[in-house]
$ cat protein.txt   # compact mmCIF, C-alpha atoms (C1' of nucleotides)
# COMPACT_ATOMS: atom_id res chain seq x y z
CA MET G 1042 -21.76 2.21 -23.78
CA SER G 1043 -21.68 5.86 -24.67
CA LYS G 1044 -18.58 7.92 -24.49
CA GLY G 1045 -20.42 10.54 -22.53
CA HIS G 1046 -20.10 14.27 -22.46
CA ALA G 1047 -16.69 15.64 -21.72
CA THR G 1048 -16.22 19.18 -20.50
CA ALA G 1049 -13.37 21.33 -21.75
CA TRP G 1050 -10.06 21.13 -19.97
CA ALA G 1051 -9.70 23.64 -17.16
CA GLN G 1052 -6.87 24.28 -14.75
CA LEU G 1053 -5.90 25.16 -11.24
CA PRO G 1054 -2.61 26.74 -10.27
CA VAL G 1055 -0.66 24.03 -8.50
CA SER G 1056 3.11 23.65 -8.33
CA LEU G 1057 4.98 20.37 -8.39
CA ASN G 1058 6.10 21.04 -4.83
CA GLN G 1059 2.48 20.98 -3.80
CA LEU G 1060 1.42 17.99 -5.82
CA CYS G 1061 3.14 15.37 -7.90
CA LEU G 1062 0.31 13.63 -9.66
CA ALA G 1063 2.27 10.68 -11.00
CA THR G 1064 3.49 9.87 -7.51
CA VAL G 1065 0.40 10.53 -5.46
CA LEU G 1066 -1.89 8.55 -7.73
CA ARG G 1067 0.42 5.55 -7.78
CA CYS G 1068 1.66 5.35 -4.21
CA GLY G 1069 -1.15 3.19 -2.93
CA GLN G 1070 -3.54 5.68 -1.39
CA SER G 1071 -6.24 5.13 -3.97
CA PHE G 1072 -6.34 2.01 -6.08
CA ARG G 1073 -8.69 3.33 -8.70
CA TRP G 1074 -6.84 5.83 -10.87
CA LYS G 1075 -5.95 4.60 -14.33
CA ALA G 1076 -3.37 5.97 -16.70
CA SER G 1077 -5.59 7.04 -19.58
CA GLY G 1078 -2.78 8.50 -21.64
CA PRO G 1079 0.81 9.64 -21.37
CA ASP G 1080 0.75 11.81 -18.29
CA GLU G 1081 -3.02 11.60 -18.03
CA TRP G 1082 -5.05 9.96 -15.28
CA SER G 1083 -8.73 9.17 -14.94
CA CYS G 1084 -11.00 7.91 -12.17
CA GLY G 1085 -14.71 7.38 -11.74
CA PHE G 1086 -16.42 9.50 -9.10
CA SER G 1087 -20.02 9.31 -8.00
CA ASP G 1088 -21.58 10.90 -11.09
CA ARG G 1089 -18.72 11.62 -13.46
CA ILE G 1090 -15.30 10.59 -14.63
CA ILE G 1091 -12.55 13.02 -13.77
CA SER G 1092 -9.42 13.18 -15.89
CA LEU G 1093 -6.23 14.96 -14.85
CA ARG G 1094 -3.02 16.20 -16.35
CA GLN G 1095 -0.24 18.21 -14.84
CA SER G 1096 2.17 20.88 -15.98
CA PRO G 1097 4.88 22.41 -13.81
CA THR G 1098 2.53 25.21 -12.85
CA HIS G 1099 -1.00 23.85 -13.18
CA LEU G 1100 -3.25 20.92 -12.52
CA HIS G 1101 -5.48 20.39 -15.53
CA TYR G 1102 -8.81 18.69 -15.15
CA ARG G 1103 -11.95 17.85 -16.97
CA ALA G 1104 -15.08 15.83 -16.30
CA THR G 1105 -16.89 13.34 -18.47
CA PHE G 1106 -20.55 12.96 -17.60
CA PRO G 1107 -22.77 10.08 -18.61
CA SER G 1108 -25.08 10.88 -21.48
CA PRO G 1109 -27.50 12.38 -21.26
CA PRO G 1110 -25.97 14.44 -18.47
CA PRO G 1111 -28.24 14.75 -15.45
CA LYS G 1112 -29.73 18.18 -15.10
CA SER G 1113 -28.34 18.37 -11.62
CA ALA G 1114 -24.85 17.85 -12.90
CA LYS G 1115 -23.48 21.34 -13.05
CA ASP G 1116 -19.77 21.43 -13.37
CA ASP G 1117 -18.46 21.71 -9.87
CA THR G 1118 -15.48 19.60 -10.79
CA ALA G 1119 -13.04 22.25 -9.62
CA GLU G 1120 -14.43 22.04 -6.11
CA ILE G 1121 -14.26 18.27 -6.15
CA VAL G 1122 -10.65 18.32 -7.30
CA LYS G 1123 -9.59 20.89 -4.72
CA ASP G 1124 -11.23 18.89 -1.99
CA TYR G 1125 -9.93 15.53 -3.19
CA PHE G 1126 -6.35 16.74 -3.25
CA ASN G 1127 -6.57 18.70 -0.01
CA LEU G 1128 -5.24 21.68 -1.90
CA SER G 1129 -5.91 24.13 0.92
CA ILE G 1130 -3.02 22.61 2.83
CA ASP G 1131 0.43 24.01 2.09
CA LEU G 1132 2.56 20.95 1.57
CA ALA G 1133 5.79 22.79 0.86
CA ALA G 1134 5.60 24.47 4.26
CA LEU G 1135 5.13 21.09 5.90
CA TYR G 1136 8.16 19.69 4.07
CA GLU G 1137 10.19 22.57 5.46
CA LYS G 1138 9.08 21.78 8.96
CA TRP G 1139 9.72 18.06 8.69
CA SER G 1140 13.11 18.60 7.08
CA LEU G 1141 14.12 20.86 9.91
CA ALA G 1142 13.09 18.30 12.50
CA ASP G 1143 14.48 15.24 10.80
CA PRO G 1144 17.67 14.94 8.72
CA ASN G 1145 16.57 11.60 7.33
CA PHE G 1146 13.37 13.10 6.04
CA LYS G 1147 15.30 15.94 4.48
CA LYS G 1148 17.54 13.49 2.69
CA LYS G 1149 14.75 11.34 1.30
CA ALA G 1150 12.30 14.11 0.52
CA GLY G 1151 14.47 15.70 -2.15
CA GLU G 1152 13.46 13.10 -4.72
CA PHE G 1153 9.88 12.89 -3.52
CA LYS G 1154 8.35 16.31 -3.64
CA GLY G 1155 4.64 16.83 -3.85
CA VAL G 1156 3.59 13.70 -1.98
CA ARG G 1157 0.39 14.75 -0.27
CA MET G 1158 -2.51 12.91 1.28
CA LEU G 1159 -5.69 12.59 -0.69
CA ARG G 1160 -9.00 13.32 0.97
CA GLN G 1161 -10.96 10.32 -0.18
CA ASP G 1162 -14.48 9.17 0.44
CA PRO G 1163 -14.40 7.29 3.77
CA TRP G 1164 -16.52 4.40 2.53
CA GLU G 1165 -14.40 3.80 -0.53
CA CYS G 1166 -11.27 4.14 1.54
CA LEU G 1167 -12.53 1.64 4.09
CA ILE G 1168 -13.41 -1.04 1.54
CA GLY G 1169 -10.27 -0.44 -0.49
CA PHE G 1170 -8.04 -1.04 2.50
CA ILE G 1171 -9.99 -4.05 3.66
CA CYS G 1172 -8.97 -5.44 0.30
CA SER G 1173 -5.36 -4.52 0.97
CA SER G 1174 -4.73 -6.91 3.84
CA ASN G 1175 -2.10 -9.53 3.16
CA ASN G 1176 -2.24 -8.58 -0.48
CA ASN G 1177 -0.22 -6.91 -3.21
CA ILE G 1178 -0.98 -3.58 -4.82
CA SER G 1179 -1.50 -5.04 -8.25
CA ARG G 1180 -4.23 -7.38 -7.09
CA ILE G 1181 -5.83 -4.76 -4.85
CA GLY G 1182 -6.37 -2.59 -7.90
CA GLN G 1183 -7.86 -5.45 -9.83
CA MET G 1184 -10.20 -6.30 -6.99
CA VAL G 1185 -11.43 -2.75 -6.62
CA ASP G 1186 -11.99 -2.58 -10.37
CA LYS G 1187 -14.12 -5.71 -10.22
CA LEU G 1188 -16.03 -4.33 -7.27
CA CYS G 1189 -16.90 -1.19 -9.20
CA ALA G 1190 -17.72 -2.99 -12.44
CA THR G 1191 -20.04 -5.37 -10.60
CA TYR G 1192 -21.74 -3.13 -8.07
CA GLY G 1193 -20.97 0.42 -9.20
CA THR G 1194 -22.79 2.64 -11.68
CA PRO G 1195 -21.53 2.86 -15.26
CA LEU G 1196 -20.26 6.35 -16.02
CA GLY G 1197 -19.23 5.97 -19.65
CA THR G 1198 -15.89 5.36 -21.25
CA ILE G 1199 -12.61 7.12 -21.69
CA THR G 1200 -10.38 6.75 -24.71
CA HIS G 1201 -7.07 5.47 -23.50
CA THR G 1202 -4.06 6.30 -25.62
CA SER G 1203 -0.61 4.82 -25.40
CA THR G 1204 0.72 4.89 -21.90
CA ASN G 1205 3.94 3.15 -22.69
CA PRO G 1206 6.67 5.40 -21.33
CA LEU G 1207 9.11 3.86 -23.80
CA SER G 1208 7.14 5.24 -26.69
CA PRO G 1209 6.60 8.89 -25.91
CA SER G 1210 4.52 11.37 -27.75
CA SER G 1211 6.08 10.91 -31.13
CA PRO G 1212 3.25 9.72 -33.38
CA SER G 1213 5.64 7.91 -35.65
CA SER G 1214 6.74 5.58 -32.91
CA GLU G 1215 6.27 1.96 -33.94
CA ASN G 1216 5.84 1.02 -30.34
CA LYS G 1217 2.58 2.75 -29.72
CA THR G 1218 -0.58 0.84 -29.08
CA PRO G 1219 -3.95 1.72 -30.65
CA PRO G 1220 -6.43 3.73 -28.55
CA THR G 1221 -8.98 1.74 -26.61
CA GLU G 1222 -12.29 2.59 -24.98
CA VAL G 1223 -12.23 1.83 -21.27
CA ALA G 1224 -15.37 1.71 -19.14
CA TYR G 1225 -15.50 3.62 -15.87
CA TYR G 1226 -17.77 3.10 -12.88
CA SER G 1227 -18.59 4.78 -9.64
CA PHE G 1228 -17.55 3.12 -6.44
CA PRO G 1229 -20.43 1.00 -5.08
CA THR G 1230 -22.70 2.55 -2.52
CA ILE G 1231 -22.88 1.09 0.97
CA GLU G 1232 -26.27 -0.35 0.28
CA ALA G 1233 -25.14 -1.98 -2.95
CA LEU G 1234 -22.80 -4.22 -0.98
CA THR G 1235 -25.44 -5.40 1.47
CA THR G 1236 -27.42 -7.62 -0.90
CA PRO G 1237 -27.33 -11.30 0.10
CA ASP G 1238 -25.39 -12.35 -2.99
CA VAL G 1239 -22.42 -10.13 -2.30
CA GLU G 1240 -20.23 -12.54 -0.38
CA GLU G 1241 -20.65 -15.37 -2.84
CA THR G 1242 -20.23 -13.11 -5.86
CA LEU G 1243 -17.05 -11.56 -4.53
CA LYS G 1244 -15.65 -14.98 -3.72
CA LYS G 1245 -16.20 -15.98 -7.33
CA LEU G 1246 -14.45 -12.81 -8.40
CA GLY G 1247 -11.36 -13.85 -6.49
CA PHE G 1248 -11.65 -11.82 -3.32
CA GLY G 1249 -10.87 -14.79 -1.11
CA TYR G 1250 -11.63 -14.38 2.57
CA ARG G 1251 -12.05 -10.65 2.07
CA ALA G 1252 -15.42 -11.28 0.45
CA LYS G 1253 -16.92 -11.94 3.85
CA TYR G 1254 -15.20 -8.93 5.41
CA ILE G 1255 -16.61 -6.61 2.79
CA TYR G 1256 -20.13 -7.98 3.05
CA LYS G 1257 -20.13 -7.97 6.85
CA THR G 1258 -18.70 -4.49 7.06
CA ALA G 1259 -21.21 -3.16 4.55
CA CYS G 1260 -24.04 -4.66 6.61
CA MET G 1261 -22.66 -3.21 9.84
CA VAL G 1262 -22.30 0.26 8.38
CA HIS G 1263 -25.70 0.16 6.72
CA LYS G 1264 -27.80 -1.47 9.41
CA ASP G 1265 -26.07 -0.99 12.73
CA ARG G 1266 -24.90 2.58 12.36
CA PRO G 1267 -26.71 5.86 11.86
CA LYS G 1268 -26.94 7.25 8.38
CA GLY G 1269 -23.80 9.05 7.36
CA PHE G 1270 -21.88 7.46 10.19
CA LEU G 1271 -18.52 7.31 8.45
CA ASN G 1272 -18.65 10.97 7.54
CA THR G 1273 -19.38 11.93 11.12
CA LEU G 1274 -16.07 10.32 12.05
CA ARG G 1275 -14.45 13.01 9.97
CA ASP G 1276 -16.06 16.00 11.61
CA GLU G 1277 -17.35 14.94 15.00
CA LYS G 1278 -14.72 12.53 16.29
CA ASP G 1279 -11.07 12.93 17.01
CA TYR G 1280 -8.40 10.53 15.82
CA LYS G 1281 -8.60 8.07 18.69
CA GLU G 1282 -12.37 7.98 18.67
CA ALA G 1283 -12.54 7.43 14.94
CA HIS G 1284 -9.90 4.73 15.11
CA ALA G 1285 -11.78 2.92 17.87
CA GLU G 1286 -14.96 3.00 15.82
CA LEU G 1287 -13.29 1.72 12.68
CA ILE G 1288 -11.68 -1.35 14.20
CA GLN G 1289 -15.15 -2.57 15.13
CA PHE G 1290 -15.68 -3.50 11.51
CA MET G 1291 -14.88 -6.95 10.19
CA GLY G 1292 -11.52 -7.06 8.46
CA VAL G 1293 -10.42 -3.76 9.93
CA GLY G 1294 -7.43 -3.87 12.25
CA PRO G 1295 -5.24 -1.03 13.49
CA LYS G 1296 -3.39 -0.58 10.24
CA VAL G 1297 -6.44 -0.38 7.99
CA ALA G 1298 -8.16 1.89 10.50
CA ASP G 1299 -5.18 4.24 10.37
CA CYS G 1300 -5.28 4.28 6.59
CA VAL G 1301 -8.91 5.32 6.67
CA CYS G 1302 -8.25 7.93 9.35
CA LEU G 1303 -5.34 9.42 7.45
CA MET G 1304 -6.60 9.22 3.90
CA SER G 1305 -10.25 10.05 4.32
CA LEU G 1306 -11.03 11.40 7.79
CA ASP G 1307 -8.65 14.35 8.11
CA LYS G 1308 -6.65 12.67 10.88
CA MET G 1309 -3.26 13.92 9.84
CA GLY G 1310 -1.51 12.29 12.79
CA ALA G 1311 -2.61 8.77 11.94
CA VAL G 1312 0.39 6.66 11.00
CA PRO G 1313 -0.46 3.33 9.39
CA VAL G 1314 2.26 0.94 10.47
CA ASP G 1315 2.67 -1.76 7.86
CA THR G 1316 5.67 -3.84 6.96
CA HIS G 1317 7.26 -0.91 5.13
CA VAL G 1318 6.83 1.53 7.97
CA TRP G 1319 7.97 -1.04 10.50
CA GLN G 1320 11.03 -1.52 8.35
CA ILE G 1321 11.65 2.21 8.15
CA ALA G 1322 11.26 2.62 11.91
CA THR G 1323 13.72 -0.12 12.80
CA ARG G 1324 16.20 0.47 10.00
CA ASP G 1325 16.32 4.25 9.71
CA TYR G 1326 15.28 5.30 13.18
CA LYS G 1327 16.60 2.37 15.24
CA PHE G 1328 13.24 1.85 16.82
CA GLY G 1329 13.36 -0.66 19.67
CA LYS G 1330 16.99 -1.45 18.88
CA GLY G 1331 15.98 -4.88 17.67
CA LYS G 1332 14.25 -5.83 20.86
CA HIS G 1333 10.79 -6.29 19.47
CA ARG G 1334 9.84 -9.63 18.00
CA SER G 1335 6.53 -8.74 16.49
CA LEU G 1336 4.21 -5.87 15.82
CA THR G 1337 1.88 -6.21 18.80
CA PRO G 1338 -0.73 -3.52 19.42
CA VAL G 1339 1.54 -1.94 22.01
CA VAL G 1340 4.49 -1.84 19.65
CA TYR G 1341 2.25 -0.64 16.84
CA GLU G 1342 1.21 2.38 18.84
CA ALA G 1343 4.77 3.04 19.96
CA VAL G 1344 5.94 3.22 16.36
CA GLY G 1345 3.23 5.75 15.60
CA ASP G 1346 4.16 7.75 18.68
CA LEU G 1347 7.78 7.81 17.60
CA PHE G 1348 6.86 9.44 14.32
CA ARG G 1349 4.31 11.75 15.89
CA GLU G 1350 6.95 13.04 18.30
CA LEU G 1351 9.42 13.42 15.48
CA TRP G 1352 7.23 15.05 12.86
CA GLY G 1353 4.41 16.54 14.86
CA ASP G 1354 0.69 16.75 14.27
CA ALA G 1355 0.80 15.89 10.60
CA ALA G 1356 3.04 12.87 11.08
CA GLY G 1357 0.80 10.76 8.87
CA TRP G 1358 1.47 13.09 5.97
CA ALA G 1359 5.20 12.94 6.55
CA HIS G 1360 5.11 9.19 6.88
CA SER G 1361 3.60 8.95 3.42
CA VAL G 1362 6.63 10.60 1.89
CA LEU G 1363 9.01 8.08 3.36
CA PHE G 1364 6.66 5.22 2.67
CA THR G 1365 6.51 6.23 -0.97
CA ALA G 1366 10.27 6.52 -1.11
CA ASP G 1367 10.43 2.95 0.16
CA LEU G 1368 8.12 1.56 -2.52
CA ARG G 1369 9.82 -0.52 -5.14
CA THR G 1370 7.81 1.25 -7.80
CA PHE G 1371 9.81 4.38 -7.16
CA SER G 1372 13.08 2.86 -6.01
CA ASP G 1373 14.94 4.20 -9.02
CA ARG G 1374 14.71 7.71 -7.69
CA LEU G 1375 16.86 7.16 -4.64
CA GLU G 1376 19.30 4.78 -6.23
CA ASN G 1377 19.85 3.40 -9.63
CA THR G 1378 19.14 -0.14 -8.63
CA LYS G 1379 19.97 -2.76 -11.18
CA THR G 1380 20.03 -5.92 -9.18
CA THR G 1381 19.36 -6.94 -5.66
CA THR G 1382 20.53 -10.08 -4.04
CA THR G 1383 18.55 -11.35 -1.14
CA THR G 1384 19.65 -14.14 1.11
CA THR G 1385 17.39 -15.79 3.61
CA VAL G 1386 18.71 -18.26 6.10
CA LYS G 1387 16.65 -20.30 8.46
CA SER G 1388 17.96 -22.53 11.17
CA LYS G 1389 16.45 -24.71 13.84
CA THR G 1390 19.22 -24.20 16.34
CA LYS G 1391 21.61 -21.55 17.48
CA VAL G 1392 23.02 -19.63 14.65
CA LYS G 1393 26.08 -17.57 14.26
CA VAL G 1394 25.92 -14.87 11.74
CA GLU G 1395 28.73 -12.87 10.38
CA VAL G 1396 28.36 -10.33 7.72
CA LYS G 1397 31.54 -9.52 5.96
CA GLU G 1398 31.76 -6.37 4.06
CA GLU G 1399 34.52 -4.86 2.10
CA GLU G 1400 34.81 -1.62 3.93
CA GLU G 1401 36.49 0.03 1.01
CA ASP G 1402 34.16 2.96 0.67
CA GLU G 1403 30.86 4.41 1.63
CA LYS G 1404 29.37 3.55 -1.69
CA ILE G 1405 28.56 0.28 -0.04
CA LYS G 1406 25.26 0.69 1.56
CA LEU G 1407 23.50 -1.48 4.02
CA GLU G 1408 19.97 -1.32 2.81
CA ASP G 1409 17.93 -3.61 4.83
CA VAL G 1410 18.72 -5.82 7.76
CA LYS G 1411 16.22 -7.68 9.82
CA VAL G 1412 17.14 -10.11 12.54
CA GLU G 1413 14.65 -12.13 14.45
CA GLU G 1414 15.49 -14.67 17.06
CA VAL G 1415 13.67 -16.58 19.74
CA GLU G 1416 15.37 -17.65 22.91
CA GLY G 1417 15.63 -21.25 23.97
CA GLU G 1418 15.59 -24.33 21.84
CA GLU G 1419 13.18 -22.88 19.38
CA VAL G 1420 13.62 -21.77 15.88
CA LYS G 1421 15.99 -18.99 15.20
CA THR G 1422 15.39 -17.12 12.05
CA ILE G 1423 17.79 -14.70 10.51
CA GLU G 1424 16.88 -12.63 7.55
CA LYS G 1425 19.35 -10.32 6.03
CA ARG G 1426 18.86 -8.28 2.94
CA VAL G 1427 21.91 -6.37 1.91
CA ARG G 1428 22.45 -4.26 -1.13
CA LYS G 1429 25.72 -2.87 -2.21
CA ARG G 1430 26.38 -0.89 -5.28
CA GLY G 1431 28.93 1.31 -6.92
CA ALA G 1432 28.67 4.86 -8.02
CA ASN G 1433 27.20 3.97 -11.39
CA GLY G 1434 24.46 2.04 -9.75
CA GLU G 1435 25.87 -1.34 -10.48
CA VAL G 1436 25.58 -3.88 -7.74
CA LYS G 1437 29.03 -5.20 -7.23
CA ALA G 1438 29.22 -6.64 -3.76
CA GLU G 1439 27.65 -9.70 -2.25
CA VAL G 1440 26.65 -10.65 1.24
CA VAL G 1441 28.50 -13.34 3.13
CA VAL G 1442 26.35 -15.04 5.73
CA LYS G 1443 27.86 -17.84 7.79
CA THR G 1444 25.58 -20.10 9.77
CA GLU G 1445 25.50 -23.42 11.57
CA GLU G 1446 22.75 -25.98 11.28
CA VAL G 1447 21.25 -24.45 8.27
CA THR G 1448 18.02 -26.12 7.38
CA GLU G 1449 16.81 -23.91 4.66
CA ARG G 1450 18.46 -21.52 2.36
CA ARG G 1451 17.29 -19.53 -0.52
CA THR G 1452 18.71 -16.93 -2.76
CA ARG G 1453 16.77 -14.86 -5.12
CA ARG G 1454 17.42 -12.05 -7.44
CA ARG G 1455 15.34 -9.15 -8.38
CA ARG G 1456 15.40 -6.62 -11.07
CA GLY G 1457 14.54 -3.06 -10.41
C1' DA J 596 -1.04 -9.03 26.67
C1' DC J 597 1.66 -11.88 23.47
C1' DT J 598 2.29 -15.85 20.11
C1' DG J 599 1.42 -18.89 16.40
C1' DG J 600 -1.46 -20.28 12.56
C1' DA J 601 -4.61 -19.99 9.01
C1' DC J 602 -6.28 -17.42 5.42
C1' DC J 603 -7.73 -16.57 -0.69
C1' DT J 604 -5.33 -15.60 -4.71
C1' DG J 605 -2.32 -13.96 -8.39
C1' DC J 606 2.12 -12.27 -9.44
C1' DC J 607 7.07 -12.88 -9.61
C1' DC J 608 11.23 -15.31 -9.59
C1' DC J 609 13.66 -19.62 -8.78
C1' DG J 610 15.40 -24.01 -10.35
C1' DC X 1038 7.68 -23.22 -17.80
C1' DT X 1039 5.84 -24.63 -13.21
C1' DA X 1040 6.12 -23.82 -8.04
C1' DC X 1041 7.00 -21.66 -3.82
C1' DG X 1042 7.10 -17.47 -1.39
C1' DC X 1043 5.12 -13.37 -0.76
C1' DA X 1044 2.05 -9.36 -0.60
C1' DG X 1045 0.95 -2.12 2.68
C1' DG X 1046 -3.05 -7.65 7.90
C1' DT X 1047 -6.69 -9.59 10.47
C1' DC X 1048 -9.00 -13.04 13.08
C1' DC X 1049 -8.96 -16.71 16.27
C1' DA X 1050 -7.60 -19.79 19.74
C1' DG X 1051 -4.26 -20.76 23.32
C1' DT X 1052 -0.98 -19.49 26.98
$ encode --input "protein.txt" --output "structure tokens"
Amino acid sequence: MSKGHATAWAQLPVSLNQLCLATVLRCGQSFRWKASGPDEWSCGFSDRIISLRQSPTHLHYRATFPSPPPKSAKDDTAEIVKDYFNLSIDLAALYEKWSLADPNFKKKAGEFKGVRMLRQDPWECLIGFICSSNNNISRIGQMVDKLCATYGTPLGTITHTSTNPLSPSSPSSENKTPPTEVAYYSFPTIEALTTPDVEETLKKLGFGYRAKYIYKTACMVHKDRPKGFLNTLRDEKDYKEAHAELIQFMGVGPKVADCVCLMSLDKMGAVPVDTHVWQIATRDYKFGKGKHRSLTPVVYEAVGDLFRELWGDAAGWAHSVLFTADLRTFSDRLENTKTTTTTTVKSKTKVKVEVKEEEEDEKIKLEDVKVEEVEGEEVKTIEKRVRKRGANGEVKAEVVVKTEEVTERRTRRRRG
DNA sequence: ACTGGACCTGCCCCG
DNA sequence: CTACGCAGGTCCAGT
């Protein structure tokens, strides 16, 4: 495969308060950006590969076109980049507003500046988040890569240089890995995923039950909807209308629909409520005061309403900041986590739980507590996750959980 | 309306 | 080093 034709690097004036590339491209909005070098990122678009770098004052970009470059391919990369990053929206002003309305946001946002919503292609966004259900980010990325390599259009290759953060730019570093050529592809068109082989092929590629969802959804969009349907949801439908349309598709529930609304359809008030956001709502905002057993559709909407009332029209944008702060990938920014001890206790009968803490100082921090119980003779389940650490970041304290009739008990450790 | 299960698979951490 | 739990949910059948 050819390396293609790369344009010269160009730049747009963008501050780190407006955009933090390394955060936004890794926080699970898009699953397709690859680190192509130290502080360099690349992604295949419809007819070109776009590569990005960032300085404190500028966003640097360049395009690599397939060779020979199509005559139609004039370099409108700047427009694509501005659109993709929603750069017309003043993120710093929004942070000010959210910080004023919410002390918790203000506290968390300090370490997470420049977290903005991308404005992705609705089709890609839809399929990407169908892949995300009951799944982990690592595998989602792999699945989307396979999808593009199998059904997308080859766009050429990019030379990847060492991305190991432990071996920075110094060329003499022994740790550095040799450059490699990495192939890039466009995201598959709608039609490309409607061929009869798609479900079986994706199953073989490890998509599991999502293979059927993707195939069915592609067929629905292609055959049962007007041309350009998804894009009309952006301009011609409001949030509720778009959401209602999206959950008609196979494999698309309220959470995935909100992701598509927020990340590709300009619905800034859409708040995708996943396990993280549910956790944030109950832990940091005392939502429901522990009364809710599960995330039913009613509760789901109530959580979104809570955040919309708190943060206003662009609540989905604000939510992304706190969601990102909650990701383990970035956990080192809020606290220097070394070790976490998690204790899970399950019991078939009534359970007494006491959590003893040395109340010596406020360095001890209750990170994460979830309690679920069902009335009657049924199963009571208590899950408590408690982190305590000293000023230097060392975890020093442990949780004491006392129970009766314990039937199952696990303890696990994590490194951060 | 709400609840409980099943669901593909690969990664991560536990014994 | 293998195994169980889990991962940015959704669908389906029963109350």
$ residues_around --input "protein.txt" --residues "segment 1046-1052 of chain X" --least-positions-apart "6" --cutoff "12 Å" --atoms "all atoms listed in the file" --output "NGL selection string"
(:G and (1170-1177 or 1250-1251 or 1254 or 1288-1298 or 1313-1316 or 1336)) or (:J and (596-602))
$ write_last_selection --input "protein.txt" --atoms "C-alpha atoms (C1' of nucleotides)" --output "CSV table (one decimal), in the coordinates of the input"
chain,number,residue,atom,x,y,z
G,1170,PHE,CA,-8.0,-1.0,2.5
G,1171,ILE,CA,-10.0,-4.0,3.7
G,1172,CYS,CA,-9.0,-5.4,0.3
G,1173,SER,CA,-5.4,-4.5,1.0
G,1174,SER,CA,-4.7,-6.9,3.8
G,1175,ASN,CA,-2.1,-9.5,3.2
G,1176,ASN,CA,-2.2,-8.6,-0.5
G,1177,ASN,CA,-0.2,-6.9,-3.2
G,1250,TYR,CA,-11.6,-14.4,2.6
G,1251,ARG,CA,-12.0,-10.6,2.1
G,1254,TYR,CA,-15.2,-8.9,5.4
G,1288,ILE,CA,-11.7,-1.4,14.2
G,1289,GLN,CA,-15.2,-2.6,15.1
G,1290,PHE,CA,-15.7,-3.5,11.5
G,1291,MET,CA,-14.9,-7.0,10.2
G,1292,GLY,CA,-11.5,-7.1,8.5
G,1293,VAL,CA,-10.4,-3.8,9.9
G,1294,GLY,CA,-7.4,-3.9,12.2
G,1295,PRO,CA,-5.2,-1.0,13.5
G,1296,LYS,CA,-3.4,-0.6,10.2
G,1297,VAL,CA,-6.4,-0.4,8.0
G,1298,ALA,CA,-8.2,1.9,10.5
G,1313,PRO,CA,-0.5,3.3,9.4
G,1314,VAL,CA,2.3,0.9,10.5
G,1315,ASP,CA,2.7,-1.8,7.9
G,1316,THR,CA,5.7,-3.8,7.0
G,1336,LEU,CA,4.2,-5.9,15.8
J,596,DA,C1',-1.0,-9.0,26.7
J,597,DC,C1',1.7,-11.9,23.5
J,598,DT,C1',2.3,-15.8,20.1
J,599,DG,C1',1.4,-18.9,16.4
J,600,DG,C1',-1.5,-20.3,12.6
J,601,DA,C1',-4.6,-20.0,9.0
J,602,DC,C1',-6.3,-17.4,5.4
$ interface_residues --input "protein.txt" --of "chain J" --to "chain G" --cutoff "7 Å" --atoms "all atoms listed in the file" --output "PyMOL selection string"
chain J and resi 602-605+609
$ closest_residue --input "protein.txt" --among "G:Thr1221, G:Ser1096, G:Ser1372, G:Thr1365" --to "chain X" --atoms "only C-alpha atoms (C1' of nucleotides)"
G:Thr1365
$ atom_distance --input "protein.txt" --atom1 "atom CA of Met1309 of chain G" --atom2 "atom CA of Ala1356 of chain G"
6.5 Å
$ axis_aligned_box --input "protein.txt" --around "segment 1041-1047 of chain X" --padding-each-side "3 Å" --output "AutoDock Vina command-line options"
--center_x 0.2 --center_y -11.9 --center_z 3.3 --size_x 19.8 --size_y 25.5 --size_z 20.3
$ closest_residue --input "protein.txt" --among "G:Asp1238, G:Asp1299, G:Glu1342, G:Asp1143" --to "chain X" --atoms "only C-alpha atoms (C1' of nucleotides)"
G:Asp1299
$ build_atoms --input "protein.txt" --residues "segment 1072-1077 of chain G" --atoms "N, CA, C and O atoms" --output "JSON list (two decimals), in the coordinates of the input"
[["chain", "number", "residue", "atom", "x", "y", "z"],
["G", 1072, "PHE", "N", -6.68, 3.10, -5.17],
["G", 1072, "PHE", "CA", -6.34, 2.01, -6.08],
["G", 1072, "PHE", "C", -7.12, 2.11, -7.39],
["G", 1072, "PHE", "O", -7.18, 1.16, -8.15],
["G", 1073, "ARG", "N", -7.72, 3.24, -7.63],
["G", 1073, "ARG", "CA", -8.69, 3.33, -8.70],
["G", 1073, "ARG", "C", -8.29, 4.20, -9.89],
["G", 1073, "ARG", "O", -8.94, 4.15, -10.93],
["G", 1074, "TRP", "N", -7.24, 4.97, -9.75],
["G", 1074, "TRP", "CA", -6.84, 5.83, -10.87],
["G", 1074, "TRP", "C", -6.17, 5.01, -11.95],
["G", 1074, "TRP", "O", -5.31, 4.17, -11.68],
["G", 1075, "LYS", "N", -6.56, 5.29, -13.20],
["G", 1075, "LYS", "CA", -5.95, 4.60, -14.33],
["G", 1075, "LYS", "C", -5.19, 5.61, -15.17],
["G", 1075, "LYS", "O", -5.61, 6.76, -15.30],
["G", 1076, "ALA", "N", -4.08, 5.15, -15.73],
["G", 1076, "ALA", "CA", -3.37, 5.97, -16.70],
["G", 1076, "ALA", "C", -4.14, 5.91, -18.00],
["G", 1076, "ALA", "O", -4.20, 4.87, -18.65],
["G", 1077, "SER", "N", -4.76, 7.03, -18.38],
["G", 1077, "SER", "CA", -5.59, 7.04, -19.58],
["G", 1077, "SER", "C", -4.84, 7.60, -20.78],
["G", 1077, "SER", "O", -5.39, 7.70, -21.87]]
